[in-house]
Amino acid sequence: MSQAIKIKSLSKSFGAIDAVCNISFDVGYGEVLGFLGPNGAGKSTTMKMITGFLEPTSGTVEVNGHDVLEDPLSVKRSIGYLPEGAPAYGEMTVKSFLNFIADIRELSGSLRKNRLDEVIETINIGTVIDQSIETLSKGYKRRVGLAQAILHDPDILIMDEPTDGLDPNQKHEVRNLIKKMAEKKAIIISTHILEEVDAVCSRAIIISSGKLLFDGTPEQLISKSDQGNIDHAFRNITVPSK
Amino acid sequence: MNGILSIYKREFTSYFVTPVAYVFIVIFLFMTGVFTFYLGAFYESNQADLEPFFRFHPWLYLFLIPAISMRLWSDERKSGTIELLMTLPVSITDTVVAKYLAAWSFTAIALSLTFPMWITVNYLGNPDNTVVLASYIGSLIMAGGFLAIGSCISALTKSQVIAFVISVVICFMFILSGFPMVLDLFEDWAPQAVIDAIASFSFLTHFTSIKKGVIDIRDVIYFAALITFWLYVNVVIIENKKAN
Ligand SMILES: Nc1ncnc2c1ncn2[C@@H]1O[C@H](COP(=O)(O)OP(=O)(O)O)[C@@H](O)[C@H]1O
Ligand SMILES: [Mg+2]
C-alpha cells in the first residue's frame with residue numbers, strides 16, 4: 001500500500017486559537033479514512049491545509065510526494081475536494097458548472113464526455129442538470145459538490161461532511177459511491193455521524209481541540225467501549241474527564 | 001493558460017446570466033447620454049466632435065466601475081466559492097488576471113454600445129475620427145485603471161457595499177489629484193517637481209492628453225504600471241488572506 005498523503009507535525013493557529021496542534025498521519029491508497037471529532041475540533045482546518053487552501057503555521061503536507069507549499073498545482077491536480085457546505089456558483093446551471101470544472105481539469109474530447117455522463121449518472125443529477133444551482137435543494141447542492149470533486153477521477157478524494165444535509169436514501173447512495181471508489185483511491189471524509197465510520201471507513205481518526213486522540217480501525221475504536229458501542233467509545237475518547 | 005481561459009470564460013458569461021449586466025449597460029448608456037447632452041451641451045457647442053461625451057467618462061467610471069468590480073472577490077468570499085476556486089489547479093496570479101480581464105471585456109462591451117453617439121456625430125458633421133478612436137481607446141484603458149483598483153479592494157472584504165465605497169473613494173483620489181483646486185493646495189509650499197508628480201498620478205491628466213487624439217507612450221505606460229501595481233497587490237492580498 002503506497003502512501004498518498006503524508007502529514008507531519010501539522011499545526012495551525014488563528015491568532016490565539018490553536019485549531020490544529022501537531023498532528024501527524026499518513027493515508028494510503030485503498031484506505032477510506034474517517035475523520036471524526038466534535039464541532040470545532042479542527043477537521044475542516046486540517047482538510048483545508050491538505051488541499052492547499054490554508055497554509056500551515058508549521059508542519060508539512062505531502063501529496064503523492066509533492067509538498068503542498070512547494071508544488072501546490074501538482075497537489076491540486078491529484079486531489080478532488082468537496083469543501084464544507086459544498087460551495088458552488090449559484091447563478092450557474094449544474095451543466096455549465098460541471099463544464100467549467102471539466103475545463104479547469106483539462107478534460108477534453110471523448111474522455112470529457114464520458115466522465116461527465118458517468119458522473120451525472122452515478123451522482124444522479126440528470127434531472128436538475130439545466131437548473132441553476134441556487135434553486136437546488138440542499139441535498140442536490142451537495143451532490144453537485146460531489147460531482148465536481150470526482151469529475152476528473154482523482155487519485156485522492158477529500159470530502160468535508162459529504163453526507164451532511166442528505167436524506168437517509170441519499171446518505172446510503174453516497175456511502176455506496178465512496179465504497180465503490182475506495183479500491184484505487186485514498187479517501188478522507190469528515191463526519192460526525194458515527195455509524196458512517198462503521199459503514200464505509202477502513203480507518204478512523206479522532207481529533208478534539210486540534211489534538212489527535214485516536215488512530216485505528218473501526219473495530220479498534222469500538223473496543224474502546226466496554227459496551228461495544230461506537231458512540232460510547234467516541235465519548236470515552238473525546239470527553240475523558242467524567 | 002488553460003486556467004486563465006476557463007476562469008475568464010466562466011466569469012465573462014456570468015455577467016450575462018443575471019440581469020446585472022443588462023441593468024448596468026442600460027444605466028451606462030443612459031448616463032453617457034445625460035452627461036453628453038445636458039451637462040456637455042453637445043448640441044450647443046456646435047462642434048462635430050465627441051469631446052463633451054468623453055469629458056465625463058472619468059466621472060461615470062468613478063461610480064460605475066466600482067459597481068462592476070465590487071463583486072469580483074467579495075462575492076467569492078461571501079459565498080465560500082473562494083475555497084473551491086483556490087483548490088482548483090490554477091495559480092492565484094492566473095485567477096486574478098482572468099477575473100480582471102473578464103470584467104474589462106464586459107466594460108469594453110458597455111463602452112462599445114455607445115456607438116450611436118459616434119454615428120450621430122458623423123451624421124451631423126465631420127469629426128476627426130482618429131481623435132474619436134484615440135478617445136475610445138483612452139477611455140477603455142482608463143476604465144482598466146479603475147477596474148484594477150476596484151478588483152484589489154474587493155479582495156479585502158466579504159461585503160460588496162464596503163468594496164464599492166472604498167473603491168469609489170480611492171478612484172476619486174486618483175481623479176482629484178489632477179484638479180487645479182487640489183494642486184493649488186500644494187502650490188505655495190511644495191516644489192514644482194512634487195506638484196507635477198501629484199498631477200501625474202491623476203487619471204484626468206493622462207486621459208486629457210489621450211483625448212486630444214495622441215496616444216502618448218507615457219500615458220500608456222502610466223496606466224499599464226498602475227494596473228500591474230493594483231493587480232499585484234490583489235494577488236498578495238488573496239495569497240495571504242484566502243480564508244477570512
Ligand atoms: N478562519 C478562521 N479564523 C479564526 N478561527 C477559525 C477559522 N477557521 C476555523 N477557526 C477555528 O478553528 C477551530 C477549528 O475549526 P474547524 O476546523 O472548522 O472545526 P471542525 O471542522 O472540526 O468543526 C474552531 O475553534 C474554529 O472556530
Ligand atoms: Mg468542519
# chains A, B, ... in the order shown; residues from 1 in each chain; ligands from 1
$ interface_residues --of "chain A" --to "chain B" --cutoff "7 Å" --atoms "only C-alpha atoms" --output "ChimeraX atom specification"
/A:51-53,73,76-77,83,87-89,100,103-104
$ closest_atom_pairs --of "segment 173-224 of chain A" --to "segment 129-150 of chain A" --cutoff "12 Å" --atoms "only C-alpha atoms" --output "JSON lines"
{"residue": "A:Glu173", "atom": "CA", "partner": "A:Arg143", "partner_atom": "CA", "distance": 10.5}
{"residue": "A:Val174", "atom": "CA", "partner": "A:Arg143", "partner_atom": "CA", "distance": 8.7}
{"residue": "A:Arg175", "atom": "CA", "partner": "A:Leu146", "partner_atom": "CA", "distance": 11.9}
{"residue": "A:Leu177", "atom": "CA", "partner": "A:Leu146", "partner_atom": "CA", "distance": 10.2}
{"residue": "A:Ile178", "atom": "CA", "partner": "A:Ile150", "partner_atom": "CA", "distance": 10.4}
{"residue": "A:Met181", "atom": "CA", "partner": "A:Ile150", "partner_atom": "CA", "distance": 9.6}
{"residue": "A:Lys185", "atom": "CA", "partner": "A:Ile150", "partner_atom": "CA", "distance": 11.0}
{"residue": "A:Ile187", "atom": "CA", "partner": "A:Ile150", "partner_atom": "CA", "distance": 11.2}
{"residue": "A:Ile189", "atom": "CA", "partner": "A:Leu146", "partner_atom": "CA", "distance": 11.8}
$ residues_near_ligand --ligand "ligand 2" --cutoff "10 Å" --atoms "only C-alpha atoms and all ligand atoms" --output "number ranges by chain"
A: 36-48, 83-85, 160-161, 190-192
$ residues_around --residues "segment 196-210 of chain A" --least-positions-apart "2" --cutoff "6 Å" --atoms "only C-alpha atoms" --output "PyMOL selection string"
chain A and resi 19-21+31-37+41-42+193-194+212-218
$ atom_distance --atom1 "atom CA of Leu113 of chain B" --atom2 "atom CA of Phe54 of chain B"
14.0 Å
$ closest_residue --among "A:Val239, A:Gly65, A:Lys180, A:Lys211" --to "ligand 1" --atoms "only C-alpha atoms and all ligand atoms"
A:Lys211
$ decode --residues "segment 222-233 of chain A" --atoms "all heavy atoms" --output "PDB file, in the first residue's frame"
ATOM      1  N   ILE A 222     -14.281   0.618  18.413  1.00  0.00           N
ATOM      2  CA  ILE A 222     -15.392   0.048  19.172  1.00  0.00           C
ATOM      3  C   ILE A 222     -14.894  -0.650  20.437  1.00  0.00           C
ATOM      4  O   ILE A 222     -15.519  -0.576  21.496  1.00  0.00           O
ATOM      5  CB  ILE A 222     -16.210  -0.935  18.282  1.00  0.00           C
ATOM      6  CG1 ILE A 222     -16.921  -0.139  17.186  1.00  0.00           C
ATOM      7  CG2 ILE A 222     -17.225  -1.713  19.110  1.00  0.00           C
ATOM      8  CD1 ILE A 222     -17.591  -0.972  16.125  1.00  0.00           C
ATOM      9  N   SER A 223     -13.711  -1.233  20.332  1.00  0.00           N
ATOM     10  CA  SER A 223     -13.189  -1.952  21.506  1.00  0.00           C
ATOM     11  C   SER A 223     -12.801  -1.009  22.641  1.00  0.00           C
ATOM     12  O   SER A 223     -12.507  -1.436  23.753  1.00  0.00           O
ATOM     13  CB  SER A 223     -11.992  -2.819  21.105  1.00  0.00           C
ATOM     14  OG  SER A 223     -10.891  -1.995  20.827  1.00  0.00           O
ATOM     15  N   LYS A 224     -12.781   0.303  22.344  1.00  0.00           N
ATOM     16  CA  LYS A 224     -12.525   1.286  23.406  1.00  0.00           C
ATOM     17  C   LYS A 224     -13.740   1.448  24.324  1.00  0.00           C
ATOM     18  O   LYS A 224     -13.691   2.177  25.303  1.00  0.00           O
ATOM     19  CB  LYS A 224     -12.203   2.661  22.801  1.00  0.00           C
ATOM     20  CG  LYS A 224     -10.901   2.714  22.045  1.00  0.00           C
ATOM     21  CD  LYS A 224      -9.750   3.108  22.948  1.00  0.00           C
ATOM     22  CE  LYS A 224      -8.442   2.990  22.188  1.00  0.00           C
ATOM     23  NZ  LYS A 224      -7.280   3.138  23.046  1.00  0.00           N
ATOM     24  N   SER A 225     -14.825   0.806  23.922  1.00  0.00           N
ATOM     25  CA  SER A 225     -16.021   0.927  24.744  1.00  0.00           C
ATOM     26  C   SER A 225     -16.335  -0.427  25.367  1.00  0.00           C
ATOM     27  O   SER A 225     -16.349  -1.441  24.664  1.00  0.00           O
ATOM     28  CB  SER A 225     -17.199   1.383  23.878  1.00  0.00           C
ATOM     29  OG  SER A 225     -18.417   0.914  24.398  1.00  0.00           O
ATOM     30  N   ASP A 226     -16.585  -0.422  26.661  1.00  0.00           N
ATOM     31  CA  ASP A 226     -16.935  -1.701  27.289  1.00  0.00           C
ATOM     32  C   ASP A 226     -18.339  -2.139  26.898  1.00  0.00           C
ATOM     33  O   ASP A 226     -18.752  -3.258  27.135  1.00  0.00           O
ATOM     34  CB  ASP A 226     -16.781  -1.613  28.814  1.00  0.00           C
ATOM     35  CG  ASP A 226     -17.383  -0.344  29.390  1.00  0.00           C
ATOM     36  OD1 ASP A 226     -18.256   0.247  28.710  1.00  0.00           O
ATOM     37  OD2 ASP A 226     -16.987   0.070  30.492  1.00  0.00           O
ATOM     38  N   GLN A 227     -19.086  -1.220  26.263  1.00  0.00           N
ATOM     39  CA  GLN A 227     -20.436  -1.582  25.826  1.00  0.00           C
ATOM     40  C   GLN A 227     -20.461  -2.012  24.360  1.00  0.00           C
ATOM     41  O   GLN A 227     -21.516  -2.292  23.804  1.00  0.00           O
ATOM     42  CB  GLN A 227     -21.391  -0.388  25.994  1.00  0.00           C
ATOM     43  CG  GLN A 227     -21.437   0.148  27.406  1.00  0.00           C
ATOM     44  CD  GLN A 227     -22.185   1.458  27.510  1.00  0.00           C
ATOM     45  OE1 GLN A 227     -22.791   1.918  26.547  1.00  0.00           O
ATOM     46  NE2 GLN A 227     -22.151   2.061  28.680  1.00  0.00           N
ATOM     47  N   GLY A 228     -19.299  -2.024  23.715  1.00  0.00           N
ATOM     48  CA  GLY A 228     -19.234  -2.413  22.303  1.00  0.00           C
ATOM     49  C   GLY A 228     -19.992  -1.456  21.409  1.00  0.00           C
ATOM     50  O   GLY A 228     -20.562  -1.834  20.379  1.00  0.00           O
ATOM     51  N   ASN A 229     -19.985  -0.205  21.776  1.00  0.00           N
ATOM     52  CA  ASN A 229     -20.823   0.780  21.086  1.00  0.00           C
ATOM     53  C   ASN A 229     -19.946   1.956  20.653  1.00  0.00           C
ATOM     54  O   ASN A 229     -19.187   2.512  21.445  1.00  0.00           O
ATOM     55  CB  ASN A 229     -21.909   1.196  22.096  1.00  0.00           C
ATOM     56  CG  ASN A 229     -22.711   2.404  21.641  1.00  0.00           C
ATOM     57  OD1 ASN A 229     -22.183   3.332  21.034  1.00  0.00           O
ATOM     58  ND2 ASN A 229     -23.986   2.370  21.942  1.00  0.00           N
ATOM     59  N   ILE A 230     -20.067   2.322  19.372  1.00  0.00           N
ATOM     60  CA  ILE A 230     -19.142   3.307  18.817  1.00  0.00           C
ATOM     61  C   ILE A 230     -19.383   4.710  19.387  1.00  0.00           C
ATOM     62  O   ILE A 230     -18.432   5.466  19.614  1.00  0.00           O
ATOM     63  CB  ILE A 230     -19.197   3.275  17.270  1.00  0.00           C
ATOM     64  CG1 ILE A 230     -17.937   3.896  16.661  1.00  0.00           C
ATOM     65  CG2 ILE A 230     -20.442   3.949  16.742  1.00  0.00           C
ATOM     66  CD1 ILE A 230     -17.734   3.555  15.206  1.00  0.00           C
ATOM     67  N   ASP A 231     -20.643   5.037  19.661  1.00  0.00           N
ATOM     68  CA  ASP A 231     -20.945   6.344  20.269  1.00  0.00           C
ATOM     69  C   ASP A 231     -20.305   6.452  21.644  1.00  0.00           C
ATOM     70  O   ASP A 231     -19.749   7.480  22.013  1.00  0.00           O
ATOM     71  CB  ASP A 231     -22.469   6.525  20.429  1.00  0.00           C
ATOM     72  CG  ASP A 231     -23.131   6.755  19.100  1.00  0.00           C
ATOM     73  OD1 ASP A 231     -23.012   7.858  18.566  1.00  0.00           O
ATOM     74  OD2 ASP A 231     -23.751   5.799  18.584  1.00  0.00           O
ATOM     75  N   HIS A 232     -20.411   5.365  22.347  1.00  0.00           N
ATOM     76  CA  HIS A 232     -19.849   5.322  23.700  1.00  0.00           C
ATOM     77  C   HIS A 232     -18.331   5.437  23.653  1.00  0.00           C
ATOM     78  O   HIS A 232     -17.710   6.188  24.436  1.00  0.00           O
ATOM     79  CB  HIS A 232     -20.287   4.015  24.382  1.00  0.00           C
ATOM     80  CG  HIS A 232     -19.863   3.926  25.815  1.00  0.00           C
ATOM     81  ND1 HIS A 232     -19.061   2.921  26.284  1.00  0.00           N
ATOM     82  CD2 HIS A 232     -20.110   4.748  26.867  1.00  0.00           C
ATOM     83  CE1 HIS A 232     -18.834   3.113  27.574  1.00  0.00           C
ATOM     84  NE2 HIS A 232     -19.467   4.218  27.948  1.00  0.00           N
ATOM     85  N   ALA A 233     -17.730   4.756  22.694  1.00  0.00           N
ATOM     86  CA  ALA A 233     -16.276   4.825  22.512  1.00  0.00           C
ATOM     87  C   ALA A 233     -15.850   6.251  22.194  1.00  0.00           C
ATOM     88  O   ALA A 233     -14.875   6.768  22.738  1.00  0.00           O
ATOM     89  CB  ALA A 233     -15.848   3.891  21.387  1.00  0.00           C
TER      90      ALA A 233
END
